[in-house]
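The block underneath contains the structure these notes are about, expressed in structure tokens.
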Amino acid sequence: MDSFKKLGREVRRFAEDRDWAQFHSPKNLSMALAVECAELMEHFQWLTENQSRRLGSQQKREVEMELADIQIYLIRLSQVLSLDLVEACNRKLPENAKKYPVGKARGVAKKYTDLG
């Protein structure tokens, strides 16, 4: 069984076991997702670029847990909206490849509209 599908079932079961569907509107889930993203950013807020690349083991564990929260909310939001997140990513990557062709984007930190 696909591990992402298994995780999706576990996330759904977790919410159902707690009768949380009543609270899991797209609005609420998107707001919770934004909060978790902010909590992730807090871990890097005052670090230099170099420090952010060399987290200690405790910092990495905390960041890992924030990423897990973000992933869980992404999965749950996609479930509530009946969207296939993996399929959406598979459709989006080729679009991004067109916006950011290797010849123009390699090693360049610019938005696609500024690649020229």
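Chain labels A, B, ... are given in the sequence in which chains occur in the structure tokens; within each chain residues are numbered consecutively from 1, and ligands are likewise numbered from 1 in the order shown.
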Could you find all residues in region 23-71 of chain A that DSSP calls alpha helix (DSSP H) from the backbone, and write them as a ChimeraX atom specification?
/A:26-42,49-53,57-71
Can you pull out every residue within 12 Å of Glu66 (chain A), counting only C-alpha atoms, but drop anything in the same chain fewer than 2 positions away, and send it as number ranges by chain?
A: 32-43, 59-64, 68-73
Now that the selection is made, can you save its residues with C-alpha atoms as a CSV table (one decimal), in the first residue's frame?
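As a result, part19.csv now contains:
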```csv
chain,number,residue,atom,x,y,z
A,32,ALA,CA,-4.7,26.3,11.0
A,33,LEU,CA,-2.2,25.5,8.2
A,34,ALA,CA,-1.1,29.2,8.2
A,35,VAL,CA,-0.6,29.1,11.9
A,36,GLU,CA,1.6,25.9,11.6
A,37,CYS,CA,3.6,27.5,8.9
A,38,ALA,CA,4.2,30.5,11.2
A,39,GLU,CA,5.3,28.2,13.9
A,40,LEU,CA,7.8,26.6,11.5
A,41,MET,CA,9.1,30.0,10.6
A,42,GLU,CA,9.7,30.9,14.3
A,43,HIS,CA,12.4,28.3,14.4
A,59,GLN,CA,16.0,22.0,16.7
A,60,LYS,CA,15.7,19.5,13.9
A,61,ARG,CA,13.3,17.5,15.9
A,62,GLU,CA,11.1,20.6,16.6
A,63,VAL,CA,11.2,21.6,12.9
A,64,GLU,CA,10.3,18.0,12.0
A,68,ALA,CA,4.4,17.0,10.3
A,69,ASP,CA,1.7,19.3,11.5
A,70,ILE,CA,1.8,21.2,8.2
A,71,GLN,CA,1.6,17.9,6.2
A,72,ILE,CA,-1.3,16.7,8.3
A,73,TYR,CA,-3.3,19.9,7.7
```
Hey, which of A:Trp20, A:Asp2, A:Ser30, A:Thr113 ends up closest to Leu74 (chain A)? Count only C-alpha atoms.
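When distances to Leu74 (chain A) are compared using only C-alpha atoms, the smallest one comes from A:Ser30.
For Pro26 (chain A), the non-local neighbours within 12 Å, defined as residues at least 4 positions apart in the same chain or in other chains and counting only C-alpha atoms, are Ala21, Gln22, Ser30, Met31, Ala32, Leu33, Tyr73, Leu74, Ile75, Arg76, Leu77, Ser78, Gln79, Val80, Leu81, Ser82 and Leu83 of chain A.
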Could you write out the selected residues, including C-alpha atoms, as a PDB file, in the first residue's frame?
```pdb
ATOM      1  CA  ALA A  21     -15.307  17.033  10.794  1.00  0.00           C
ATOM      2  CA  GLN A  22     -17.724  19.639  12.139  1.00  0.00           C
ATOM      3  CA  SER A  30      -6.413  26.835   5.877  1.00  0.00           C
ATOM      4  CA  MET A  31      -6.083  29.116   8.894  1.00  0.00           C
ATOM      5  CA  ALA A  32      -4.659  26.278  11.004  1.00  0.00           C
ATOM      6  CA  LEU A  33      -2.216  25.537   8.195  1.00  0.00           C
ATOM      7  CA  TYR A  73      -3.285  19.890   7.741  1.00  0.00           C
ATOM      8  CA  LEU A  74      -2.509  19.772   3.998  1.00  0.00           C
ATOM      9  CA  ILE A  75      -3.790  16.222   3.826  1.00  0.00           C
ATOM     10  CA  ARG A  76      -6.898  17.029   5.831  1.00  0.00           C
ATOM     11  CA  LEU A  77      -7.680  20.141   3.772  1.00  0.00           C
ATOM     12  CA  SER A  78      -7.318  18.170   0.545  1.00  0.00           C
ATOM     13  CA  GLN A  79      -9.668  15.518   1.963  1.00  0.00           C
ATOM     14  CA  VAL A  80     -12.308  18.065   2.934  1.00  0.00           C
ATOM     15  CA  LEU A  81     -12.137  19.609  -0.544  1.00  0.00           C
ATOM     16  CA  SER A  82     -12.049  16.160  -2.251  1.00  0.00           C
ATOM     17  CA  LEU A  83      -8.746  16.955  -3.936  1.00  0.00           C
TER      18      LEU A  83
END
```
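All residues of protein, DNA or RNA that reach within 12 Å of Phe4 (chain A), judged by only C-alpha atoms and not counting those fewer than 2 positions away in the chain, are Met1, Asp2, Lys6, Leu7, Gly8, Arg9, Glu10, Val11, Gln71, Ile72, Ile75, Asp84, Leu85, Val86 and Glu87 of chain A.
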